[in-house]
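Student: Once you've had a glance at the structure underneath, I'll fire off some questions.
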2 protein chains.
Amino acid sequence: MTSILATDPRSGETTDTGLFESPSAEVDQICQAAKASNLPTSGRVHRAELLRAVATALETHREALVALADTETGLGAARLSNEMTRTVFQFRAFAEMLDTGGYAEPIIEPAAQTEMGPSPDLRRILVPLGPVAVFGASNFPFAFSVPGGDTAAALAAGCPVVAKAHPSHPLTSQRCADLMAEVLERAGNHKVFQIVHGQQAGGDLVMHPEVKAVAFTGSFTAGMHLFRLAAGRPEPIPFFGELGSLNPVIITPGAALARADEIADGLFLSFTGSSGQLCTKPGLVLVPAGHAGERLRLRLAEATRLVDAGPLLNGGIYSAFAAGSERLKNHPGVRVLASSQVHEGRGLYPSALLVQVAVEDLSDELTEECFGPTTILADYKNEDDAVSCIERLAGSLTGTIHAEDSELPFARRLISSLERRVGRVVWNGYPTGVAVTASMTHGGPFPASTNSMHSSVGLTSVRRFMRPVSYQNVPAFLLPEDLTGRT
Amino acid sequence: MTSILATDPRSGETTDTGLFESPSAEVDQICQAAKASNLPTSGRVHRAELLRAVATALETHREALVALADTETGLGAARLSNEMTRTVFQFRAFAEMLDTGGYAEPIIEPAAQTEMGPSPDLRRILVPLGPVAVFGASNFPFAFSVPGGDTAAALAAGCPVVAKAHPSHPLTSQRCADLMAEVLERAGNHKVFQIVHGQQAGGDLVMHPEVKAVAFTGSFTAGMHLFRLAAGRPEPIPFFGELGSLNPVIITPGAALARADEIADGLFLSFTGSSGQLCTKPGLVLVPAGHAGERLRLRLAEATRLVDAGPLLNGGIYSAFAAGSERLKNHPGVRVLASSQVHEGRGLYPSALLVQVAVEDLSDELTEECFGPTTILADYKNEDDAVSCIERLAGSLTGTIHAEDSELPFARRLISSLERRVGRVVWNGYPTGVAVTASMTHGGPFPASTNSMHSSVGLTSVRRFMRPVSYQNVPAFLLPEDLTGRT
């Protein structure tokens with residue numbers, strides 16, 4: 001058995017967690033148990049109770065979990081406690097969603113005479129897909145990991161979950177899993193939530209015949225590897241991967257002149273918060289060339305120079321960020337506006353980086369996501385310049401516009417370009433900070449996600465784990481509860 | 001350029017259609033034109049008008065189109081005229097859907113104070129994915145082909161369509177395409193609907209970077225080939241394939257005793273109608289062994305022996321059916337109950353086939369779809385026998401139960417087994433005949449479809465071609481019409 005090591009990002013020290021990678025035979029056993037679990041036939045009222053019980057358990061252990069996650073991720077107690085609040089909120093939000101049957105989209109059409117002749121009594125509802133594999137993310141040990149939104153949505157849908165722990169926080173993942181499994185067992189739901197560790201186990205999960213969908217948040221490379229596995233199975237299954245995003249921001253001349261300081265401060269927090277390790281981090285900011293953008297650039301450079309960036313999550317992200325920073329600095333046409341001093345100590349601390357380039361010098365290399373505290377200010381000369389730059393970009397989770405009300409025609413062009421390539425358009429704000437609501441879309445055209453038709457955050461994310469079934473002339477006493485038409 | 005030949009199924013004669021396979025350069029041009037089309041920005045009111053205009057044009061040319069399709073498919077004027085009625089109805093149903101904005105699922109959440117702090121004004125709506133490739137089916141030259149449900153749904157969603165004509169009815173496909181293109185051009189929508197011919201062109205379509213989704217109805221082999229292409233693209237795209245289905249039927253002892261004649265007659269029409277070339281044809285019927293099922297088996301055998309089956313659609317289906325029939329007949333444990341005389345003439349006429357086997361002798365080979373006028377009567381001894389047989393089956397579009405109200409516990413077990421592996425449960429009816437309504441699910445677990453989360457028939461099928469976009473704090477004058485909250 002292969003031991004699992006964990007690295008403390010603040011010290012750079014690696015220790016043995018006492019956990020082991022899950023061998024293939026164990027993954028098989030786990031998936032078979034998931035298939036046999038009674039969750040799919042537990043009614044929505046019971047599932048709502050389960051989710052609320054999980055929320056309560058997490059809250060009860062908040063302090064210990066946050067402390068543990070902090071040693072594994074170095075994200076800081078404040079940020080992690082906020083994340084825990086959000087995680088608990090997610091479980092309760094899905095529970096509330098289950099209080100009524102609307103999430104399963106019942107459609108009831110009684111028998112009738114139609115233009116096409118007599119039509120039968122037909123009733124449709126969404127049912128769970130089956131066991132779901134959830135791949136936790138490095139950067140959100142709670143909200144996008146073991147007890148994260150994917151897990152909450154899958155359980156809400158009635159799908160047993162097998163989580164793949166992220167190696168950045170194995171102990172946090174295991175502790176959360178133990179807590180959840182305990183709560184669910186106590187409620188009579190055996191093997192409804194289980195966990196595996198290790199890269200091989202991840203591949204085994206995706207390939208397991210009893211796994212019927214995969215939710216993944218992580219890197220493009222790992223995500224695409226798993227996506228191709230899922231699509232290549234004898235029985236292909238849906239793979240919902242959130243892979244990385246550039247999240248372009250466009251500052252109009254009017255906005256740059258009217259609100260340079262405010263925008264610079266907002267962008268600074270947005271691209272350096274959590275050491276730039278957010279999937280909605282703004283990685284490219286289109287700024288008016290010359291005088292109009294000058295104050296904004298200067299203030300952003302000043303703040304970047306002085307930032308004391310926290311450690312990166314793991315050695316892989318640290319090396320990739322170092323390589324990415326070098327690539328940015330050495331790219332033709334790129335000018336370094338600011339780089340920060342590296343925090344003292346032997347941990348995985350990065351130097352934040354702000355660079356400037358003309359939009360015409362933007363290459364595919366520059367517009368790849370660089371995960372960590374860096375962003376590119378791209379100078380544009382006129383509206384056409386800005387719009388054609390956007391038109392060349394790949395899909396993103398978000399696109400942000402800072403503009404004044406007087407710049408309506410330009411704003412219209414920007415929105416119409418952005419909405420064709422992002423999942424969320426932000427107006428006079430910042431892309432980081434993802435509200436957990438019914439109206440949220442956290443997803444977008446490839447490569448932001450492998451399936452742009454769904455959101456991985458918010459109530460509609462439950463749809464990823466359900467499929468419709470129609471009942472034709474089935475008598476009421478044999479119909480699912482929410483299709484009988486009784487209220 | 002490669003000429004396209006067409007075969008008259010009634011005479012077996014092959015003639016040159018005067019049409020040519022579409023070379024790769026032409027496919028590229030067509031996809032680029034689709035991308036540049038103005039459909040995505042045409043409002044839903046305009047799109048509703050387009051769909052109604054197409055419906056009117058098809059209706060105006062009904063007689064000529066039906067006659068042409070009959071020579072190419074041999075399905076008969078009555079059946080084809082019904083199909084045309086349905087096709088016209090589909091366009092009008094989607095038009096009606098567009099009369100209000102609900103199909104795009106707008107969710108409006110104004111800014112508020114929440115448990116998670118202040119949340120922004122957030123509004124979500126579905127937008128079109130982009131150009132869609134529609135692969136027409138052999139067995140429905142209208143309703144599942146060039147002017148079929150996939151095309152109507154994609155156009156309704158705001159997606160330009162490139163149809164791949166099925167070689168079973170190239171002239172019908174081309175004629176429908178010309179009619180539609182003319183109507184759409186007249187309404188000011190250039191290159192919103194286009195057509196290609198030939199297998200190579202089909203592959204080119206699926207691989208084209210500007211194509212953003214594929215809808216396919218056809219064989220497992222062709223469908224899986226295209227599915228793997230779509231998933232293997234640098235930018236993977238969703239592939240909605242309806243591939244084939246066994247459509248199991250279970251007759252309980254009570255039903256077999258009470259309604260043997262009625263059920264036998266219904267099943268007979270269901271498995272021999274359109275010469276068994278329907279995706280919902282019942283391919284396996286579980287019948288009580290011994291006395292209880294005897295009358296049903298005898299009556300079904302008698303009807304099968306006497307049927308004058310119409311020709312099959314093309315040489316490929318003819319050969320596959322002949323081979324499949326031989327496989328059935330020679331399978332260990334299989335007993336031939338009846339086979340029909342082949343219709344006189346040199347065309348592609350099959351011999352209808354009814355066989356009997358014990359459920360314990362059912363192999364994977366037997367439970368593969370055999371497209372054409374044949375079905376298997378599988379004897380079961382008791383409830384466990386029947387349920388465990390269903391549990392071994394792969395996904396199907398439909399599952400049908402004939403039972404009496406007095407057999408509630410058995411019926412419950414059957415429904416709960418079926419709903420986990422089909423898209424539609426039919427009670428005391430027949431799976432053929434697919435209502436075009438909001439509550440229809442025409443889809444199901446693999447291999448019935450490559451994506452069980454969607455229906456390819458009915459109003460919800462529009463979802464296959466849309467993705468959500470959220471607008472955060474975007475002022476009303478820049479929002480899509482259906483998100484402003486004005487009515």
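Labels for the structure tokens follow display order: chains A, B, ..., residues from 1 in each chain, ligands from 1.
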Can you tell me, as number ranges by chain, what residues are no more than 7 Å from region 420-427 of chain A when counting only C-alpha atoms, ignoring any on the same chain fewer than 6 positions away?
Tutor: A: 394-402, 441-445; B: 468-474
Student: As number ranges by chain, list the residues of region 250-436 of chain A assigned to strand (DSSP E) by DSSP on the backbone atoms of this structure.
Tutor: A: 250-251, 284-288, 335-339, 353-358, 374-380, 396-402, 422-427
Student: Pull N, CA and C atoms from the residues just selected and write them as an mmCIF file, in the first residue's frame.
Tutor:
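This went into again_4.cif:
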data_model
loop_
_atom_site.group_PDB
_atom_site.id
_atom_site.type_symbol
_atom_site.label_atom_id
_atom_site.label_comp_id
_atom_site.auth_asym_id
_atom_site.auth_seq_id
_atom_site.Cartn_x
_atom_site.Cartn_y
_atom_site.Cartn_z
ATOM 1 N N ILE A 250 -12.712 43.977 -18.856
ATOM 2 C CA ILE A 250 -12.497 45.116 -19.751
ATOM 3 C C ILE A 250 -12.850 46.404 -19.020
ATOM 4 N N ILE A 251 -11.880 47.329 -18.999
ATOM 5 C CA ILE A 251 -12.115 48.639 -18.391
ATOM 6 C C ILE A 251 -12.263 49.647 -19.528
ATOM 7 N N LEU A 284 -6.684 38.465 -17.142
ATOM 8 C CA LEU A 284 -6.398 39.393 -18.248
ATOM 9 C C LEU A 284 -7.307 40.609 -18.086
ATOM 10 N N VAL A 285 -6.677 41.791 -18.043
ATOM 11 C CA VAL A 285 -7.456 43.018 -17.889
ATOM 12 C C VAL A 285 -7.167 43.931 -19.072
ATOM 13 N N LEU A 286 -8.182 44.229 -19.852
ATOM 14 C CA LEU A 286 -8.013 45.138 -20.975
ATOM 15 C C LEU A 286 -8.171 46.572 -20.472
ATOM 16 N N VAL A 287 -7.100 47.342 -20.601
ATOM 17 C CA VAL A 287 -7.039 48.697 -20.049
ATOM 18 C C VAL A 287 -6.779 49.658 -21.210
ATOM 19 N N PRO A 288 -7.415 50.840 -21.220
ATOM 20 C CA PRO A 288 -7.149 51.787 -22.304
ATOM 21 C C PRO A 288 -5.658 52.130 -22.338
ATOM 22 N N ARG A 335 6.025 43.758 -20.516
ATOM 23 C CA ARG A 335 6.799 44.612 -19.607
ATOM 24 C C ARG A 335 6.352 44.302 -18.173
ATOM 25 N N VAL A 336 7.269 44.067 -17.301
ATOM 26 C CA VAL A 336 6.917 43.801 -15.901
ATOM 27 C C VAL A 336 6.599 45.119 -15.212
ATOM 28 N N LEU A 337 5.372 45.247 -14.712
ATOM 29 C CA LEU A 337 4.997 46.478 -13.996
ATOM 30 C C LEU A 337 5.360 46.384 -12.528
ATOM 31 N N ALA A 338 5.232 45.208 -11.961
ATOM 32 C CA ALA A 338 5.548 45.044 -10.540
ATOM 33 C C ALA A 338 5.687 43.574 -10.209
ATOM 34 N N SER A 339 6.587 43.275 -9.271
ATOM 35 C CA SER A 339 6.586 41.943 -8.673
ATOM 36 C C SER A 339 6.859 42.124 -7.188
ATOM 37 N N LEU A 353 2.879 38.981 -9.423
ATOM 38 C CA LEU A 353 3.437 39.553 -10.653
ATOM 39 C C LEU A 353 2.363 40.294 -11.454
ATOM 40 N N LEU A 354 2.704 41.514 -11.857
ATOM 41 C CA LEU A 354 1.791 42.294 -12.710
ATOM 42 C C LEU A 354 2.548 42.672 -13.971
ATOM 43 N N VAL A 355 2.005 42.308 -15.134
ATOM 44 C CA VAL A 355 2.709 42.637 -16.382
ATOM 45 C C VAL A 355 1.801 43.428 -17.317
ATOM 46 N N GLN A 356 2.428 44.088 -18.275
ATOM 47 C CA GLN A 356 1.722 44.908 -19.248
ATOM 48 C C GLN A 356 2.121 44.460 -20.653
ATOM 49 N N VAL A 357 1.147 44.485 -21.558
ATOM 50 C CA VAL A 357 1.438 44.098 -22.935
ATOM 51 C C VAL A 357 0.394 44.786 -23.825
ATOM 52 N N ALA A 358 0.730 45.019 -25.064
ATOM 53 C CA ALA A 358 -0.268 45.572 -25.994
ATOM 54 C C ALA A 358 -1.148 44.428 -26.501
ATOM 55 N N THR A 374 -1.092 36.534 -10.281
ATOM 56 C CA THR A 374 -0.587 37.322 -11.401
ATOM 57 C C THR A 374 -1.735 37.697 -12.319
ATOM 58 N N THR A 375 -1.610 38.813 -12.964
ATOM 59 C CA THR A 375 -2.552 39.166 -14.031
ATOM 60 C C THR A 375 -1.835 40.001 -15.086
ATOM 61 N N ILE A 376 -2.459 40.045 -16.246
ATOM 62 C CA ILE A 376 -1.885 40.759 -17.388
ATOM 63 C C ILE A 376 -2.730 41.990 -17.680
ATOM 64 N N LEU A 377 -2.111 43.153 -17.737
ATOM 65 C CA LEU A 377 -2.829 44.346 -18.211
ATOM 66 C C LEU A 377 -2.536 44.495 -19.694
ATOM 67 N N ALA A 378 -3.571 44.378 -20.500
ATOM 68 C CA ALA A 378 -3.379 44.475 -21.953
ATOM 69 C C ALA A 378 -3.916 45.821 -22.435
ATOM 70 N N ASP A 379 -3.054 46.611 -23.062
ATOM 71 C CA ASP A 379 -3.452 47.937 -23.547
ATOM 72 C C ASP A 379 -4.229 47.814 -24.850
ATOM 73 N N TYR A 380 -5.374 48.481 -24.925
ATOM 74 C CA TYR A 380 -6.085 48.539 -26.214
ATOM 75 C C TYR A 380 -6.253 49.993 -26.615
ATOM 76 N N SER A 396 -14.549 31.159 -21.001
ATOM 77 C CA SER A 396 -14.198 31.487 -19.616
ATOM 78 C C SER A 396 -15.419 31.319 -18.722
ATOM 79 N N LEU A 397 -15.162 31.187 -17.433
ATOM 80 C CA LEU A 397 -16.259 31.165 -16.477
ATOM 81 C C LEU A 397 -16.957 32.514 -16.425
ATOM 82 N N THR A 398 -16.158 33.574 -16.463
ATOM 83 C CA THR A 398 -16.719 34.918 -16.298
ATOM 84 C C THR A 398 -16.112 35.875 -17.307
ATOM 85 N N GLY A 399 -16.816 36.997 -17.519
ATOM 86 C CA GLY A 399 -16.296 38.144 -18.255
ATOM 87 C C GLY A 399 -16.815 39.380 -17.559
ATOM 88 N N THR A 400 -15.933 40.347 -17.315
ATOM 89 C CA THR A 400 -16.298 41.509 -16.499
ATOM 90 C C THR A 400 -16.125 42.796 -17.298
ATOM 91 N N ILE A 401 -17.057 43.696 -17.126
ATOM 92 C CA ILE A 401 -16.976 45.003 -17.788
ATOM 93 C C ILE A 401 -17.053 46.102 -16.734
ATOM 94 N N HIS A 402 -16.113 47.020 -16.791
ATOM 95 C CA HIS A 402 -16.244 48.271 -16.031
ATOM 96 C C HIS A 402 -16.487 49.382 -17.033
ATOM 97 N N VAL A 422 -18.656 33.241 -22.256
ATOM 98 C CA VAL A 422 -18.543 33.073 -20.803
ATOM 99 C C VAL A 422 -19.859 32.552 -20.223
ATOM 100 N N GLY A 423 -19.778 32.142 -18.962
ATOM 101 C CA GLY A 423 -20.972 31.680 -18.261
ATOM 102 C C GLY A 423 -21.598 32.760 -17.390
ATOM 103 N N ARG A 424 -20.819 33.819 -17.090
ATOM 104 C CA ARG A 424 -21.359 34.888 -16.244
ATOM 105 C C ARG A 424 -20.752 36.221 -16.659
ATOM 106 N N VAL A 425 -21.611 37.196 -16.889
ATOM 107 C CA VAL A 425 -21.167 38.545 -17.237
ATOM 108 C C VAL A 425 -21.308 39.419 -15.986
ATOM 109 N N VAL A 426 -20.201 40.041 -15.586
ATOM 110 C CA VAL A 426 -20.201 40.869 -14.370
ATOM 111 C C VAL A 426 -20.074 42.334 -14.780
ATOM 112 N N TRP A 427 -20.932 43.156 -14.229
ATOM 113 C CA TRP A 427 -20.944 44.576 -14.573
ATOM 114 C C TRP A 427 -20.431 45.400 -13.389
#
Student: Quick one: residues within 7 Å of region 92-97 of chain B, only C-alpha atoms, excluding same-chain residues fewer than 2 positions away - as a list of chain:residue names?
Tutor: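 Surrounding residues, per the criterion: B:Ala48, B:Leu51, B:Arg52, B:Ala55, B:Val88, B:Phe89, B:Gln90, B:Asp99, B:Thr100, B:Tyr103, B:Ala152, B:Ala153, B:Ala156, B:Leu459.
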Student: Keeping N, CA, C and O atoms, export the residues of the selection given above as a PDB file, in the first residue's frame.
Tutor:
ATOM      1  N   ALA B  48     -40.249  32.233 -33.754  1.00  0.00           N
ATOM      2  CA  ALA B  48     -41.564  31.585 -33.793  1.00  0.00           C
ATOM      3  C   ALA B  48     -42.192  31.755 -35.173  1.00  0.00           C
ATOM      4  O   ALA B  48     -42.763  30.809 -35.739  1.00  0.00           O
ATOM      5  N   LEU B  51     -40.544  29.339 -37.628  1.00  0.00           N
ATOM      6  CA  LEU B  51     -40.993  27.948 -37.477  1.00  0.00           C
ATOM      7  C   LEU B  51     -42.387  27.770 -38.081  1.00  0.00           C
ATOM      8  O   LEU B  51     -42.671  26.763 -38.735  1.00  0.00           O
ATOM      9  N   ARG B  52     -43.229  28.762 -37.870  1.00  0.00           N
ATOM     10  CA  ARG B  52     -44.583  28.659 -38.438  1.00  0.00           C
ATOM     11  C   ARG B  52     -44.541  28.716 -39.965  1.00  0.00           C
ATOM     12  O   ARG B  52     -45.306  28.030 -40.649  1.00  0.00           O
ATOM     13  N   ALA B  55     -43.539  25.350 -41.198  1.00  0.00           N
ATOM     14  CA  ALA B  55     -44.677  24.429 -41.089  1.00  0.00           C
ATOM     15  C   ALA B  55     -45.630  24.617 -42.267  1.00  0.00           C
ATOM     16  O   ALA B  55     -46.067  23.641 -42.896  1.00  0.00           O
ATOM     17  N   VAL B  88     -45.139  18.820 -39.104  1.00  0.00           N
ATOM     18  CA  VAL B  88     -45.702  20.169 -39.125  1.00  0.00           C
ATOM     19  C   VAL B  88     -46.106  20.590 -37.697  1.00  0.00           C
ATOM     20  O   VAL B  88     -45.833  21.700 -37.250  1.00  0.00           O
ATOM     21  N   PHE B  89     -46.730  19.637 -37.003  1.00  0.00           N
ATOM     22  CA  PHE B  89     -47.156  19.886 -35.623  1.00  0.00           C
ATOM     23  C   PHE B  89     -45.953  20.259 -34.754  1.00  0.00           C
ATOM     24  O   PHE B  89     -46.019  21.156 -33.909  1.00  0.00           O
ATOM     25  N   GLN B  90     -44.824  19.568 -34.953  1.00  0.00           N
ATOM     26  CA  GLN B  90     -43.621  19.838 -34.147  1.00  0.00           C
ATOM     27  C   GLN B  90     -43.153  21.280 -34.318  1.00  0.00           C
ATOM     28  O   GLN B  90     -42.830  21.962 -33.348  1.00  0.00           O
ATOM     29  N   ASP B  99     -43.584  31.566 -27.911  1.00  0.00           N
ATOM     30  CA  ASP B  99     -44.459  32.725 -27.704  1.00  0.00           C
ATOM     31  C   ASP B  99     -44.272  33.330 -26.318  1.00  0.00           C
ATOM     32  O   ASP B  99     -44.548  34.509 -26.105  1.00  0.00           O
ATOM     33  N   THR B 100     -43.837  32.531 -25.375  1.00  0.00           N
ATOM     34  CA  THR B 100     -43.438  33.108 -24.088  1.00  0.00           C
ATOM     35  C   THR B 100     -41.989  32.726 -23.833  1.00  0.00           C
ATOM     36  O   THR B 100     -41.463  31.804 -24.462  1.00  0.00           O
ATOM     37  N   TYR B 103     -39.306  28.916 -21.871  1.00  0.00           N
ATOM     38  CA  TYR B 103     -38.447  27.821 -22.339  1.00  0.00           C
ATOM     39  C   TYR B 103     -36.974  28.111 -22.046  1.00  0.00           C
ATOM     40  O   TYR B 103     -36.164  27.198 -21.929  1.00  0.00           O
ATOM     41  N   ALA B 152     -36.155  21.345 -35.628  1.00  0.00           N
ATOM     42  CA  ALA B 152     -37.101  22.321 -35.077  1.00  0.00           C
ATOM     43  C   ALA B 152     -36.633  22.816 -33.706  1.00  0.00           C
ATOM     44  O   ALA B 152     -36.673  24.015 -33.414  1.00  0.00           O
ATOM     45  N   ALA B 153     -36.141  21.877 -32.875  1.00  0.00           N
ATOM     46  CA  ALA B 153     -35.686  22.254 -31.535  1.00  0.00           C
ATOM     47  C   ALA B 153     -34.464  23.160 -31.604  1.00  0.00           C
ATOM     48  O   ALA B 153     -34.365  24.156 -30.883  1.00  0.00           O
ATOM     49  N   ALA B 156     -35.478  26.561 -32.836  1.00  0.00           N
ATOM     50  CA  ALA B 156     -36.217  27.234 -31.761  1.00  0.00           C
ATOM     51  C   ALA B 156     -35.241  27.795 -30.726  1.00  0.00           C
ATOM     52  O   ALA B 156     -35.408  28.913 -30.231  1.00  0.00           O
ATOM     53  N   LEU B 459     -41.049  19.160 -26.134  1.00  0.00           N
ATOM     54  CA  LEU B 459     -40.572  20.521 -25.927  1.00  0.00           C
ATOM     55  C   LEU B 459     -39.275  20.607 -25.141  1.00  0.00           C
ATOM     56  O   LEU B 459     -38.454  21.486 -25.375  1.00  0.00           O
TER      57      LEU B 459
END
Student: I'd like to know which of A:Met116, A:Ala53, A:Leu171, A:Ala303 is closest to chain B, using only C-alpha atoms.
Tutor: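 Using only C-alpha atoms, chain B sits closest to A:Met116.
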Student: Just want the 8 Å neighbourhood of region 219-229 of chain B, counted on only C-alpha atoms, with same-chain residues fewer than 3 positions away dropped. Output as JSON, numbers by chain.
Tutor: {"A": [231, 232], "B": [203, 206, 207, 216, 232, 233, 239, 241, 242, 243, 244, 447, 450]}
Student: Could you turn the residues from that selection into a file that holds N, CA, C and O atoms, as a PDB file, in the first residue's frame?
Tutor:
ATOM      1  N   ALA A 231     -15.426   9.390 -21.568  1.00  0.00           N
ATOM      2  CA  ALA A 231     -16.045   9.306 -22.893  1.00  0.00           C
ATOM      3  C   ALA A 231     -15.662   8.014 -23.603  1.00  0.00           C
ATOM      4  O   ALA A 231     -16.384   7.548 -24.484  1.00  0.00           O
ATOM      5  N   GLY A 232     -14.545   7.423 -23.215  1.00  0.00           N
ATOM      6  CA  GLY A 232     -14.057   6.224 -23.890  1.00  0.00           C
ATOM      7  C   GLY A 232     -14.560   4.928 -23.273  1.00  0.00           C
ATOM      8  O   GLY A 232     -14.297   3.853 -23.795  1.00  0.00           O
TER       9      GLY A 232
ATOM     10  N   GLY B 203     -18.712  13.019 -40.943  1.00  0.00           N
ATOM     11  CA  GLY B 203     -17.547  13.091 -40.053  1.00  0.00           C
ATOM     12  C   GLY B 203     -16.960  14.500 -40.013  1.00  0.00           C
ATOM     13  O   GLY B 203     -16.612  15.012 -38.941  1.00  0.00           O
ATOM     14  N   VAL B 206     -19.053  16.730 -37.723  1.00  0.00           N
ATOM     15  CA  VAL B 206     -18.853  16.497 -36.286  1.00  0.00           C
ATOM     16  C   VAL B 206     -17.527  17.087 -35.820  1.00  0.00           C
ATOM     17  O   VAL B 206     -17.409  17.568 -34.695  1.00  0.00           O
ATOM     18  N   MET B 207     -16.531  17.071 -36.701  1.00  0.00           N
ATOM     19  CA  MET B 207     -15.199  17.560 -36.327  1.00  0.00           C
ATOM     20  C   MET B 207     -15.045  19.064 -36.533  1.00  0.00           C
ATOM     21  O   MET B 207     -14.031  19.636 -36.137  1.00  0.00           O
ATOM     22  N   PHE B 216     -28.293  13.057 -33.279  1.00  0.00           N
ATOM     23  CA  PHE B 216     -28.175  11.895 -34.162  1.00  0.00           C
ATOM     24  C   PHE B 216     -29.247  10.873 -33.815  1.00  0.00           C
ATOM     25  O   PHE B 216     -29.490  10.592 -32.646  1.00  0.00           O
ATOM     26  N   GLY B 232     -13.596  13.300 -28.862  1.00  0.00           N
ATOM     27  CA  GLY B 232     -12.157  13.355 -29.066  1.00  0.00           C
ATOM     28  C   GLY B 232     -11.661  14.651 -29.680  1.00  0.00           C
ATOM     29  O   GLY B 232     -10.454  14.851 -29.828  1.00  0.00           O
ATOM     30  N   ARG B 233     -12.579  15.549 -30.045  1.00  0.00           N
ATOM     31  CA  ARG B 233     -12.172  16.831 -30.623  1.00  0.00           C
ATOM     32  C   ARG B 233     -11.309  17.617 -29.632  1.00  0.00           C
ATOM     33  O   ARG B 233     -11.444  17.442 -28.428  1.00  0.00           O
ATOM     34  N   PHE B 239     -22.893  15.314 -27.750  1.00  0.00           N
ATOM     35  CA  PHE B 239     -23.403  14.463 -28.821  1.00  0.00           C
ATOM     36  C   PHE B 239     -24.658  13.781 -28.297  1.00  0.00           C
ATOM     37  O   PHE B 239     -24.594  12.983 -27.359  1.00  0.00           O
ATOM     38  N   GLY B 241     -27.095  11.238 -29.114  1.00  0.00           N
ATOM     39  CA  GLY B 241     -27.345  10.137 -30.036  1.00  0.00           C
ATOM     40  C   GLY B 241     -28.423   9.217 -29.510  1.00  0.00           C
ATOM     41  O   GLY B 241     -28.397   8.819 -28.350  1.00  0.00           O
ATOM     42  N   GLU B 242     -29.379   8.904 -30.379  1.00  0.00           N
ATOM     43  CA  GLU B 242     -30.380   7.900 -30.030  1.00  0.00           C
ATOM     44  C   GLU B 242     -30.031   6.697 -30.873  1.00  0.00           C
ATOM     45  O   GLU B 242     -30.121   6.739 -32.097  1.00  0.00           O
ATOM     46  N   LEU B 243     -29.613   5.613 -30.217  1.00  0.00           N
ATOM     47  CA  LEU B 243     -28.865   4.567 -30.912  1.00  0.00           C
ATOM     48  C   LEU B 243     -29.586   3.245 -31.130  1.00  0.00           C
ATOM     49  O   LEU B 243     -29.142   2.427 -31.914  1.00  0.00           O
ATOM     50  N   GLY B 244     -30.624   2.994 -30.431  1.00  0.00           N
ATOM     51  CA  GLY B 244     -31.242   1.663 -30.578  1.00  0.00           C
ATOM     52  C   GLY B 244     -31.726   1.199 -29.231  1.00  0.00           C
ATOM     53  O   GLY B 244     -31.180   1.576 -28.205  1.00  0.00           O
ATOM     54  N   PRO B 447     -27.475   1.820 -23.910  1.00  0.00           N
ATOM     55  CA  PRO B 447     -27.214   2.423 -25.216  1.00  0.00           C
ATOM     56  C   PRO B 447     -28.434   3.036 -25.904  1.00  0.00           C
ATOM     57  O   PRO B 447     -28.325   3.394 -27.069  1.00  0.00           O
ATOM     58  N   THR B 450     -26.936   8.260 -25.986  1.00  0.00           N
ATOM     59  CA  THR B 450     -25.591   8.549 -25.482  1.00  0.00           C
ATOM     60  C   THR B 450     -25.643   9.572 -24.361  1.00  0.00           C
ATOM     61  O   THR B 450     -24.634   9.862 -23.733  1.00  0.00           O
TER      62      THR B 450
END
Student: Between CA of Ala230 (chain A) and CA of Leu39 (chain A), what is the distance, to one decimal in Å?
Tutor: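 That distance, rounded to one decimal, is 23.6 Å.
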Student: At a cut-off of 9 Å, using only C-alpha atoms, what residues contact Asp8 (chain B)? Leave out same-chain residues fewer than 6 positions from it and give the result as a ChimeraX atom specification.
Tutor: /B:14-15,70-74,313-314,347-348
Student: Compare A:Asn428, A:Ser439, A:Ser42, A:Gln341 by their minimum atom-to-atom distance to Pro475 (chain B), counting only C-alpha atoms, and give me the closest one.
Tutor: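 Of all the options, A:Asn428 lies closest to Pro475 (chain B).
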Student: For chain A, which residue among B:Leu312, B:Val192, B:Leu126, B:Val162 is the nearest when counting only C-alpha atoms?
Tutor: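 Result for the nearest residue to chain A: B:Leu126.
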Student: For CA of Tyr318 (chain B) and CA of Ala448 (chain B), quote the distance in Å rounded to one decimal.
Tutor: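 Value for the CA of Tyr318 (chain B)-CA of Ala448 (chain B) distance: 21.6 Å.
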Student: When DSSP works through the backbone of this structure, what residues of region 125-355 of chain A end up as alpha helix (DSSP H), shown as a ChimeraX atom specification?
Tutor: /A:149-157,170-186,199-207,220-232,253-258,260-272,291-306,315-330
Student: Can you tell me, as a list of chain:residue names, what residues are no more than 9 Å from Ala154 (chain B) when counting only C-alpha atoms, ignoring any on the same chain fewer than 3 positions away?
Tutor: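 Answer for this query is B:Pro128, B:Pro131, B:Val132, B:Val134, B:Gly149, B:Asp150, B:Thr151, B:Ala157, B:Gly158, B:Cys159, B:Pro160, B:Val161, B:Ser461, B:Val462, B:Arg463, B:Arg464, B:Phe465, B:Met466.
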